[in-house]
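*Asks:* Here you go, one structure.
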Amino acid sequence: MSAFRRRKNENEGEPGRTVPGERGLSAGGDIGLGASGDGNEITVRDIVTGDNNSITHQYHLPAKSGPVWPHQVGVVPLSARSFQHRGEGDRLRAAVEGGGTAVLSQVLTGMGGVGKTQLAADYARAAWDDGGLDVLVWVTASSQSAVVSGFAQAGAELCRADTDEPEQAAKQFLAWLAPKPGQQPCRWLIVLDDVADPNDLTVHPDDPAQRYSLWPPASPHGRVLLTTRRRDAALFGEGRRRIEVGLFTPDESLAYLTAALHAQGRTESADQLTALAHDLGHLPLALAQAAAYLIDSGETAAAYRHLLADRATTLDHLAPDVLPDEQAAALAAAWSLSIDRADTLRPAGLARPMLHLAALLDANGIPQDVLTGQSARAYLAAHRTPTSPTPQQTPVSPADAVRALRALDRLSLIDHHQDTPHQAVRVHQLIQRATRDTLTPHQHHQATRTAADALQTAWPDVERDTDLAQALRTNADALTRYAEDGLYQPDAHPVLYRLGLSLGESGQVTAAIDHFQHLTDTTGNFLGEDHPHALTARNNLALWRGEAGDAAGAAQAFADLLADQIRVLGADHPDTLAARNNLARWRGEAGDAAGAAHALADLLADRIRVLGADHPDTLTTQNNLAMMRGWAGDAAGAAHALADVLAGRIRVLGADHPETLAARNNLAMMRGEAGDAAGAAHALADLLESTVRVLGADHPITLTTRGNLARWRGEAGDAAGAAHALADLLADRIRVLGADHPDTLTTRNNLAAMRGWAGDAAGAAHALADLLADRIRVLGADHPDTLSTRNNLALWRGEAGDAAGAAQAFADLLEFTVRVLGADHPHVSIFRQNLGHWRKKAERMPEPGNDHS
């Protein structure tokens with residue numbers, strides 16, 4: 001419902017009122033009277049004439065006539081082409097708040113280009129056309145002088161003020177607006193469009209004796225509508241309703257582009273227009289200028305998107321020659337004045353360099369600590385916008401950095417929400433693009449390296465907070481998209497490796513492989529294939545290939561890498577020793593545990609010689625050697641050695657270090673393998689408390705510890721309790737990691753097996769059949785985990801009574817495993833034993849239809 005309602009028969013019983021819609025004349029031709037009554041009265045004389053004594057009314061106007069109502073001051077902008085009805089317009093028209101109080105003042109706020117002026121103009125036109133106004137004043141309020149001039153003009157037109165003295169005329173107009181006892185009410189709407197500074201609405205703010213406000217006075221018959229990019233608290237006092245104007249919705253964007261192009265005889269596919277709107281971030285100003293560009297140039301939406309995606313193309317190149325809808329600035333310049341003003345707010349000069357950093361990170365959320373840490377603050381200090389001819393570089397405190405963010409937020413250049421610290425800063429993607437376009441190559445490089453340093457500094461060694469880790473990964477990924485070249489000059493920035501490690505450690509193994517493959521290729525191109533950073537990238541690529549299940553491929557990759565590292569770095573270089581460790585590990589994973597143990601024993605001697613007995617890498621080799629001996633069959637000896645490893649890690653790294661926690665896990669697991677299932681379960685229960693405390697309840701290591709604990713509880717005889725624990729774990733893994741994550745699939749496998757041990761063999765077989773289809777889809781038919789599921793499925797089919805089916809399944813699995821892993825792989829002998837067992841059992845089973853009782 002409109003805030004201004006038409007009165008019924010407004011000319012009846014109200015002499016001098018005009019009929020709505022008839023500009024200036026009432027039904028009887030009476031001249032309208034002004035509400036103030038000052039000098040606007042009409043003298044009426046009755047003269048009797050003619051034989052029938054008829055009366056003639058003569059009207060004598062004063063020397064200077066008052067205004068005719070309805071009266072408009074200023075020009076309301078024309079409606080934009082293909083104007084969209086929006087929810088914010090509905091909120092404007094809602095005349096009362098929830099408590100029933102009339103809303104006298106409303107403030108439309110939002111970033112430049114979201115359509116605030118168009119919403120205000122639509123509201124004003126609707127109120128005017130509905131006959132709900134006597135006076136409409138539109139002021140373009142981009143400066144104090146513009147507001148004073150607009151009000152002075154209104155004073156001249158409405159109350160005979162003298163425009164030669166604009167401030168006095170503005171005061172006279174504001175006084176005229178104030179309601180007065182016994183005076184005929186005037187229904188007015190004043191629109192102050194594009195207020196650039198709240199101080200512009202107060203004259204002489206430094207001289208209290210002469211200070212006065214330009215806010216129109218409160219009146220039960222008046223309304224004020226203000227549009228601004230500012231979010232200062234001074235704009236939102238009591239009685240003023242704030243309406244945040246956002247972006248178009250996807251449906252509004254599509255409707256706008258479709259209508260704008262259709263009006264010019266152009267058609268584009270809905271898919272392309274939807275994609276274009278997404279690329280432009282659903283910003284109305286950008287959509288309008290893009291539509292104009294497409295119409296003027298004849299280009300397709302796909303071609304425009306290609307130009308937009310090209311980092312070498314600036315936004316200036318994508319502007320139409322003539323701007324549509326009376327727009328004053330091309331997209332690239334839409335925020336320049338806002339940035340200038342933000343830079344003047346305290347602490348002066350920091351807003352612009354802060355925006356330089358934010359423009360290189362994730363538009364949807366940047367952790368506040370990234371932009372307020374030491375690296376970012378040093379950049380702000382070094383690149384502060386000069387405020388004097390001889391600026392001095394002064395340190396920037398964390399509080400100063402936060403105030404710089406607040407300054408950008410006050411100008412609607414960013415959204416800053418400290419209550420969501422991991423995504424505290426959001427920036428529209430086109431503001432980011434326009435900001436990057438202003439940077440010289442040198443400035444771009446400096447900002448890139450600083451943003452990378454800031455991410456690296458904010459990245460914790462232990463990712464206890466999974467939400468923070470995800471936010472940091474997303475921001476690092478955004479940085480590689482916006483400024484990848486700078487991350488390889490003069491060398492590969494460490495944040496590139498941290499990103500890949502975080503992906504892998506969070507369980508996103510495939511993403512880690514893709515990342516390190518790209519990193520390997522790119523470091524080779526930028527730095528050369530023999531550069532140490534290129535070799536490090538190859539090391540990580542091979543590692544995560546192994547973690548993804550390709551143990552043999554990982555072993556081969558490490559063998560090739562080792563040869564190059566010996567040639568380039570030397571035999572005793574720490575990276576060379578690390579490659580030897582990884583090569584031995586993956587040879588063991590591929591089936592040669594004994595050979596791997598022998599290689600690790602040789603490596604241990606070299607690491608003690610080169611690094612010392614207490615070096616963390618030496619302790620890692622001890623750990624791996626013990627584990628490999630356990631896999632080779634000596635579980636008890638491995639457990640004894642792992643106890644020594646744990647003692648060393650506690651002494652060197654501390655009890656809460658992640659590697660110490662890993663040693664506790666390995667020791668518990670090997671005790672279980674040595675036959676002490678109850679002891680393993682007890683040790684893992686203690687470990688779980690530590691992992692929750694140190695890493696957090698949702699950390700992948702914590703989830704893995706829960707899985708291991710459930711396994712050994714089942715092995716110790718509590719299969720039902722273990723199944724219940726695994727069901728809870730499965731729900732958490734789906735929530736944290738997703739349904740298709742390899743660790744989630746592993747939990748499904750273990751849960752099915754535990755239910756089988758608890759007595760539900762048929763249910764286990766059914767669950768494993770479902771799991772097998774998903775493992776083939778996600779991991780592939782040749783993945784070791786897929787083979788493990790096929791083994792378990794065959795086992796539980798047999799346990800459920802189908803011995804012949806189990807035997808056939810093991811026969812197929814054996815053939816497949818020999819082909820994929822080779823005849824010497826340990827799984828081959830296991831599958832061969834299982835095949836023999838079920839064949840014998842099938843031979844003893846009675847044939848269907850025969851009674852052997």
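Identifiers in the structure tokens: chain A, B, ... in order shown; residue index from 1 per chain; ligand index from 1 in order shown.
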If you run DSSP on the backbone, which residues of region 184-275 of chain A are strand (DSSP E or B), as a PyMOL selection string?
*Replies:* chain A and resi 188-195+202-203+212-213+222-228+240-244
*Asks:* Give the alpha helix (DSSP H) residues of region 404-469 of chain A, as DSSP finds them on the backbone, and put them as a PyMOL selection string.
*Replies:* chain A and resi 404-410+429-437+441-458+466-469
*Asks:* May I have the residues from that selection written out with N, CA and C atoms, as a tab-separated table (two decimals), in the first residue's frame?
*Replies:*
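The result, stored in out_31.tsv:
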```tsv
chain	number	residue	atom	x	y	z
A	404	ALA	N	40.15	0.99	9.31
A	404	ALA	CA	40.18	1.11	7.84
A	404	ALA	C	39.07	0.27	7.21
A	405	LEU	N	38.85	-0.92	7.74
A	405	LEU	CA	37.74	-1.75	7.26
A	405	LEU	C	36.40	-1.07	7.53
A	406	ARG	N	36.26	-0.45	8.70
A	406	ARG	CA	35.02	0.24	9.02
A	406	ARG	C	34.78	1.42	8.08
A	407	ALA	N	35.87	2.11	7.70
A	407	ALA	CA	35.72	3.23	6.77
A	407	ALA	C	35.19	2.74	5.42
A	408	LEU	N	35.72	1.63	4.94
A	408	LEU	CA	35.23	1.07	3.68
A	408	LEU	C	33.78	0.62	3.81
A	409	ASP	N	33.43	0.07	4.97
A	409	ASP	CA	32.06	-0.36	5.19
A	409	ASP	C	31.12	0.84	5.23
A	410	ARG	N	31.53	1.94	5.83
A	410	ARG	CA	30.67	3.12	5.91
A	410	ARG	C	30.34	3.68	4.54
A	429	GLN	N	32.43	-8.44	-6.48
A	429	GLN	CA	33.49	-8.85	-7.41
A	429	GLN	C	33.84	-7.75	-8.41
A	430	LEU	N	32.89	-6.88	-8.74
A	430	LEU	CA	33.21	-5.81	-9.69
A	430	LEU	C	33.94	-4.65	-9.01
A	431	ILE	N	33.69	-4.43	-7.72
A	431	ILE	CA	34.52	-3.47	-7.00
A	431	ILE	C	35.95	-3.99	-6.93
A	432	GLN	N	36.08	-5.29	-6.70
A	432	GLN	CA	37.43	-5.88	-6.73
A	432	GLN	C	38.07	-5.67	-8.09
A	433	ARG	N	37.32	-5.96	-9.15
A	433	ARG	CA	37.87	-5.84	-10.51
A	433	ARG	C	38.27	-4.40	-10.81
A	434	ALA	N	37.39	-3.45	-10.47
A	434	ALA	CA	37.71	-2.05	-10.73
A	434	ALA	C	38.93	-1.62	-9.93
A	435	THR	N	39.08	-2.10	-8.71
A	435	THR	CA	40.24	-1.76	-7.89
A	435	THR	C	41.51	-2.33	-8.48
A	436	ARG	N	41.47	-3.59	-8.91
A	436	ARG	CA	42.67	-4.19	-9.51
A	436	ARG	C	43.07	-3.46	-10.79
A	437	ASP	N	42.06	-2.99	-11.53
A	437	ASP	CA	42.37	-2.29	-12.78
A	437	ASP	C	43.17	-1.01	-12.56
A	441	PRO	N	51.51	-2.55	-12.65
A	441	PRO	CA	52.07	-3.90	-12.48
A	441	PRO	C	52.89	-4.04	-11.20
A	442	HIS	N	53.63	-3.01	-10.85
A	442	HIS	CA	54.44	-3.08	-9.62
A	442	HIS	C	53.54	-3.11	-8.39
A	443	GLN	N	52.52	-2.26	-8.37
A	443	GLN	CA	51.59	-2.24	-7.23
A	443	GLN	C	50.85	-3.57	-7.12
A	444	HIS	N	50.46	-4.11	-8.26
A	444	HIS	CA	49.74	-5.39	-8.26
A	444	HIS	C	50.62	-6.49	-7.68
A	445	HIS	N	51.90	-6.50	-8.07
A	445	HIS	CA	52.82	-7.52	-7.56
A	445	HIS	C	53.02	-7.37	-6.06
A	446	GLN	N	53.20	-6.14	-5.59
A	446	GLN	CA	53.40	-5.93	-4.16
A	446	GLN	C	52.17	-6.38	-3.36
A	447	ALA	N	51.00	-6.00	-3.84
A	447	ALA	CA	49.77	-6.38	-3.13
A	447	ALA	C	49.59	-7.89	-3.14
A	448	THR	N	49.96	-8.53	-4.25
A	448	THR	CA	49.82	-9.99	-4.36
A	448	THR	C	50.69	-10.70	-3.34
A	449	ARG	N	51.95	-10.33	-3.29
A	449	ARG	CA	52.87	-10.99	-2.34
A	449	ARG	C	52.45	-10.70	-0.90
A	450	THR	N	51.94	-9.49	-0.64
A	450	THR	CA	51.49	-9.18	0.72
A	450	THR	C	50.27	-10.02	1.09
A	451	ALA	N	49.31	-10.13	0.17
A	451	ALA	CA	48.12	-10.94	0.44
A	451	ALA	C	48.52	-12.39	0.71
A	452	ALA	N	49.49	-12.89	-0.05
A	452	ALA	CA	49.96	-14.26	0.18
A	452	ALA	C	50.64	-14.39	1.54
A	453	ASP	N	51.47	-13.40	1.89
A	453	ASP	CA	52.11	-13.41	3.21
A	453	ASP	C	51.05	-13.38	4.32
A	454	ALA	N	50.03	-12.57	4.13
A	454	ALA	CA	48.99	-12.43	5.14
A	454	ALA	C	48.23	-13.74	5.33
A	455	LEU	N	47.95	-14.44	4.25
A	455	LEU	CA	47.29	-15.73	4.36
A	455	LEU	C	48.18	-16.75	5.06
A	456	GLN	N	49.45	-16.78	4.66
A	456	GLN	CA	50.38	-17.74	5.25
A	456	GLN	C	50.52	-17.50	6.76
A	457	THR	N	50.59	-16.24	7.17
A	457	THR	CA	50.73	-15.91	8.58
A	457	THR	C	49.49	-16.30	9.37
A	458	ALA	N	48.32	-16.13	8.76
A	458	ALA	CA	47.06	-16.43	9.46
A	458	ALA	C	46.75	-17.92	9.49
A	466	THR	N	37.91	-26.06	11.45
A	466	THR	CA	37.72	-26.48	10.06
A	466	THR	C	37.08	-25.37	9.22
A	467	ASP	N	36.25	-24.52	9.83
A	467	ASP	CA	35.66	-23.40	9.07
A	467	ASP	C	36.72	-22.39	8.67
A	468	LEU	N	37.63	-22.10	9.58
A	468	LEU	CA	38.72	-21.18	9.25
A	468	LEU	C	39.59	-21.77	8.14
A	469	ALA	N	39.90	-23.05	8.25
A	469	ALA	CA	40.73	-23.69	7.23
A	469	ALA	C	40.08	-23.60	5.85
```
*Asks:* Can you pull out every residue within 10 Å of Gln172 (chain A), counting only C-alpha atoms, but drop anything in the same chain fewer than 3 positions away, and send it as a list in words?
*Replies:*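 Answer for this query is Phe151, Ala152, Ala154, Gly155, Ala156, Leu158, Cys159, Arg160, Ala161, Asp162, Pro166, Glu167, Gln168, Ala169, Ala175, Trp176 and Leu177 of chain A.
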*Asks:* Next, the residues of the selection above should be written as a short mmCIF file (atom, residue, chain, number, x, y, z; two decimals), in the first residue's frame with all heavy atoms.
*Replies:*
```
data_model
loop_
_atom_site.label_atom_id
_atom_site.label_comp_id
_atom_site.auth_asym_id
_atom_site.auth_seq_id
_atom_site.Cartn_x
_atom_site.Cartn_y
_atom_site.Cartn_z
N PHE A 151 17.02 23.30 -1.63
CA PHE A 151 16.04 23.81 -0.68
C PHE A 151 15.75 25.30 -0.93
O PHE A 151 14.62 25.77 -0.73
CB PHE A 151 16.52 23.62 0.75
CG PHE A 151 16.40 22.19 1.24
CD1 PHE A 151 16.90 21.82 2.48
CD2 PHE A 151 15.79 21.21 0.47
CE1 PHE A 151 16.78 20.51 2.94
CE2 PHE A 151 15.66 19.91 0.92
CZ PHE A 151 16.17 19.55 2.15
N ALA A 152 16.78 26.05 -1.36
CA ALA A 152 16.56 27.45 -1.67
C ALA A 152 15.60 27.61 -2.84
O ALA A 152 14.72 28.50 -2.84
CB ALA A 152 17.89 28.13 -1.98
N ALA A 154 13.28 25.49 -3.68
CA ALA A 154 11.96 25.15 -3.15
C ALA A 154 11.39 26.32 -2.36
O ALA A 154 10.19 26.62 -2.42
CB ALA A 154 12.06 23.90 -2.27
N GLY A 155 12.26 27.01 -1.60
CA GLY A 155 11.80 28.18 -0.85
C GLY A 155 11.31 29.28 -1.76
O GLY A 155 10.31 29.95 -1.47
N ALA A 156 12.00 29.48 -2.87
CA ALA A 156 11.58 30.51 -3.81
C ALA A 156 10.24 30.18 -4.44
O ALA A 156 9.38 31.05 -4.63
CB ALA A 156 12.65 30.68 -4.88
N LEU A 158 7.88 28.02 -3.29
CA LEU A 158 6.77 27.70 -2.39
C LEU A 158 6.47 28.79 -1.37
O LEU A 158 5.33 28.87 -0.88
CB LEU A 158 7.07 26.38 -1.66
CG LEU A 158 7.06 25.14 -2.55
CD1 LEU A 158 7.69 23.96 -1.82
CD2 LEU A 158 5.64 24.79 -2.98
N CYS A 159 7.47 29.59 -1.02
CA CYS A 159 7.20 30.61 0.00
C CYS A 159 7.92 31.92 -0.28
O CYS A 159 8.33 32.62 0.65
CB CYS A 159 7.54 30.09 1.40
SG CYS A 159 9.14 29.28 1.57
N ARG A 160 8.14 32.21 -1.56
CA ARG A 160 8.65 33.50 -2.04
C ARG A 160 9.97 33.90 -1.38
O ARG A 160 10.22 35.07 -1.09
CB ARG A 160 7.60 34.59 -1.82
CG ARG A 160 6.29 34.31 -2.54
CD ARG A 160 5.32 35.45 -2.38
NE ARG A 160 5.01 35.72 -0.99
CZ ARG A 160 4.26 36.73 -0.59
NH1 ARG A 160 3.75 37.56 -1.46
NH2 ARG A 160 4.00 36.91 0.70
N ALA A 161 10.81 32.89 -1.14
CA ALA A 161 12.13 33.20 -0.57
C ALA A 161 13.02 33.81 -1.65
O ALA A 161 12.80 33.64 -2.85
CB ALA A 161 12.77 31.94 0.00
N ASP A 162 14.07 34.49 -1.20
CA ASP A 162 15.01 35.16 -2.10
C ASP A 162 16.18 34.22 -2.39
O ASP A 162 16.96 33.92 -1.49
CB ASP A 162 15.50 36.45 -1.45
CG ASP A 162 16.37 37.28 -2.40
OD1 ASP A 162 16.64 36.80 -3.52
OD2 ASP A 162 16.77 38.39 -2.00
N PRO A 166 20.90 31.96 -0.63
CA PRO A 166 20.43 30.57 -0.63
C PRO A 166 20.30 29.96 0.76
O PRO A 166 19.36 29.22 1.02
CB PRO A 166 21.49 29.83 -1.47
CG PRO A 166 22.68 30.75 -1.49
CD PRO A 166 22.14 32.13 -1.40
N GLU A 167 21.21 30.25 1.68
CA GLU A 167 21.09 29.64 3.01
C GLU A 167 19.85 30.16 3.73
O GLU A 167 19.13 29.40 4.38
CB GLU A 167 22.35 29.92 3.84
CG GLU A 167 23.56 29.12 3.38
CD GLU A 167 24.68 29.12 4.42
OE1 GLU A 167 24.43 29.59 5.55
OE2 GLU A 167 25.78 28.65 4.09
N GLN A 168 19.58 31.46 3.60
CA GLN A 168 18.39 32.01 4.23
C GLN A 168 17.13 31.46 3.57
O GLN A 168 16.14 31.14 4.24
CB GLN A 168 18.41 33.55 4.13
CG GLN A 168 17.28 34.21 4.90
CD GLN A 168 17.32 33.91 6.38
OE1 GLN A 168 18.39 33.80 6.97
NE2 GLN A 168 16.15 33.76 6.99
N ALA A 169 17.19 31.27 2.26
CA ALA A 169 16.04 30.71 1.54
C ALA A 169 15.80 29.26 1.95
O ALA A 169 14.64 28.82 2.09
CB ALA A 169 16.27 30.80 0.03
N ALA A 175 11.47 26.05 7.51
CA ALA A 175 10.50 26.57 8.47
C ALA A 175 9.08 26.46 7.92
O ALA A 175 8.13 26.19 8.65
CB ALA A 175 10.84 28.02 8.81
N TRP A 176 8.95 26.65 6.63
CA TRP A 176 7.63 26.56 5.98
C TRP A 176 7.07 25.15 6.09
O TRP A 176 5.88 24.92 6.21
CB TRP A 176 7.79 26.97 4.52
CG TRP A 176 6.53 26.94 3.71
CD1 TRP A 176 5.60 27.94 3.62
CD2 TRP A 176 6.07 25.89 2.86
NE1 TRP A 176 4.58 27.58 2.76
CE2 TRP A 176 4.86 26.32 2.28
CE3 TRP A 176 6.57 24.63 2.53
CZ2 TRP A 176 4.14 25.53 1.39
CZ3 TRP A 176 5.85 23.84 1.64
CH2 TRP A 176 4.65 24.28 1.08
N LEU A 177 7.98 24.12 6.07
CA LEU A 177 7.56 22.73 6.14
C LEU A 177 7.01 22.36 7.52
O LEU A 177 6.19 21.45 7.65
CB LEU A 177 8.73 21.79 5.82
CG LEU A 177 9.23 21.75 4.38
CD1 LEU A 177 10.46 20.86 4.29
CD2 LEU A 177 8.14 21.25 3.42
#
```
*Asks:* Could you list, as a PyMOL selection string, every residue within 9 Å of region 621-635 of chain A, counting only C-alpha atoms and ignoring same-chain residues fewer than 6 positions away?
*Replies:* chain A and resi 581+584-585+588-589+592-594+596-601+603-604+607+641-642+644-646+663+666-667+670-675
*Asks:* Report, in Å with one decimal, the straight-line distance from CA of Gly714 (chain A) to CA of Met754 (chain A).
*Replies:*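 CA of Gly714 (chain A) sits 6.9 Å away from CA of Met754 (chain A).
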*Asks:* Report as a short mmCIF file (atom, residue, chain, number, x, y, z; two decimals) with N, CA and C atoms, in the first residue's frame all protein, DNA and RNA residues lying within 7 Å of Val828 (chain A), evaluated on only C-alpha atoms, omitting residues in the same chain fewer than 4 positions from it.
*Replies:*
```cif
data_model
loop_
_atom_site.label_atom_id
_atom_site.label_comp_id
_atom_site.auth_asym_id
_atom_site.auth_seq_id
_atom_site.Cartn_x
_atom_site.Cartn_y
_atom_site.Cartn_z
N LEU A 814 40.10 -62.40 -7.23
CA LEU A 814 41.49 -62.84 -7.32
C LEU A 814 42.04 -62.56 -8.71
N THR A 817 42.65 -58.84 -9.04
CA THR A 817 43.75 -58.33 -8.23
C THR A 817 45.10 -58.68 -8.83
N VAL A 818 45.21 -59.87 -9.34
CA VAL A 818 46.47 -60.27 -9.98
C VAL A 818 46.76 -59.35 -11.16
N ALA A 823 50.89 -60.59 -9.08
CA ALA A 823 50.73 -61.87 -8.38
C ALA A 823 51.41 -61.89 -7.02
N ASP A 824 52.39 -60.98 -6.79
CA ASP A 824 53.12 -60.99 -5.52
C ASP A 824 52.52 -60.08 -4.46
N ARG A 832 43.21 -65.57 -2.20
CA ARG A 832 43.31 -66.99 -2.59
C ARG A 832 42.86 -67.88 -1.42
#
```
*Asks:* Would you mind listing what lies within 12 Å of Leu703 (chain A) as a PDB file with C-alpha atoms, in the first residue's frame, with only C-alpha atoms counted and same-chain residues fewer than 5 positions away left out?
*Replies:*
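To be explicit, this is the file written out as out.pdb:
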```pdb
ATOM      1  CA  SER A 506      41.189 -32.145   5.118  1.00  0.00           C
ATOM      2  CA  GLY A 507      40.529 -35.295   3.107  1.00  0.00           C
ATOM      3  CA  LEU A 684      42.521 -44.961  21.605  1.00  0.00           C
ATOM      4  CA  LEU A 687      43.869 -40.491  22.609  1.00  0.00           C
ATOM      5  CA  LEU A 688      40.432 -39.338  21.476  1.00  0.00           C
ATOM      6  CA  GLU A 689      40.156 -36.989  24.447  1.00  0.00           C
ATOM      7  CA  THR A 691      42.653 -35.046  19.792  1.00  0.00           C
ATOM      8  CA  VAL A 692      39.348 -33.348  20.587  1.00  0.00           C
ATOM      9  CA  LEU A 695      42.545 -30.443  17.137  1.00  0.00           C
ATOM     10  CA  GLY A 696      38.815 -30.064  17.633  1.00  0.00           C
ATOM     11  CA  ALA A 697      35.889 -32.449  17.358  1.00  0.00           C
ATOM     12  CA  ASP A 698      35.553 -32.111  13.568  1.00  0.00           C
ATOM     13  CA  ASN A 708      39.972 -46.714  14.975  1.00  0.00           C
ATOM     14  CA  LEU A 709      38.485 -46.788  18.473  1.00  0.00           C
ATOM     15  CA  ALA A 710      35.253 -48.298  17.143  1.00  0.00           C
ATOM     16  CA  ALA A 725      29.706 -45.630  17.359  1.00  0.00           C
ATOM     17  CA  LEU A 726      30.399 -46.014  13.639  1.00  0.00           C
ATOM     18  CA  ASP A 728      27.382 -41.747  14.763  1.00  0.00           C
ATOM     19  CA  LEU A 729      30.761 -41.257  13.096  1.00  0.00           C
ATOM     20  CA  LEU A 730      29.224 -41.735   9.651  1.00  0.00           C
ATOM     21  CA  ALA A 731      26.739 -38.920  10.278  1.00  0.00           C
ATOM     22  CA  ASP A 732      29.564 -36.585  11.333  1.00  0.00           C
ATOM     23  CA  ARG A 733      31.757 -37.523   8.389  1.00  0.00           C
ATOM     24  CA  ILE A 734      28.940 -36.837   5.947  1.00  0.00           C
ATOM     25  CA  ARG A 735      28.379 -33.469   7.648  1.00  0.00           C
ATOM     26  CA  VAL A 736      32.045 -32.475   7.738  1.00  0.00           C
ATOM     27  CA  LEU A 737      33.531 -34.170   4.677  1.00  0.00           C
ATOM     28  CA  ASP A 743      37.004 -41.390   4.602  1.00  0.00           C
ATOM     29  CA  THR A 744      33.210 -41.361   4.613  1.00  0.00           C
ATOM     30  CA  THR A 746      35.683 -46.112   4.652  1.00  0.00           C
ATOM     31  CA  THR A 747      33.359 -45.539   7.591  1.00  0.00           C
TER      32      THR A 747
END
```
*Asks:* For Arg777 (chain A), which of A:Val203, A:Lys180, A:Gly798, A:Leu745 is the closest residue, counting only C-alpha atoms?
*Replies:*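 Using only C-alpha atoms, Arg777 (chain A) sits closest to A:Leu745.
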*Asks:* Can you pull out every residue within 10 Å of Pro320 (chain A), counting only C-alpha atoms, but drop anything in the same chain fewer than 4 positions away, and send it as a PyMOL selection string?
*Replies:* chain A and resi 288-297+316+324+330-331
*Asks:* Report, in Å to a single decimal, how far apart CA of Asn665 (chain A) and CA of Trp796 (chain A) are.
*Replies:*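 So the answer is 28.6 Å.
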*Asks:* CA of Gly237 (chain A) to CA of Ala218 (chain A): how many Å, to one decimal?
*Replies:* 12.6 Å
*Asks:* From the set A:Ala720, A:Val820, A:Val370, A:Ala761, which residue has the shortest atom-to-atom contact distance to Ala781 (chain A), counting only C-alpha atoms?
*Replies:* A:Val820
*Asks:* Rank nothing, just name the residue among A:Asp485, A:Ala678, A:Asn791, A:Ala578 nearest to Ile830 (chain A), using only C-alpha atoms.
*Replies:* A:Asn791
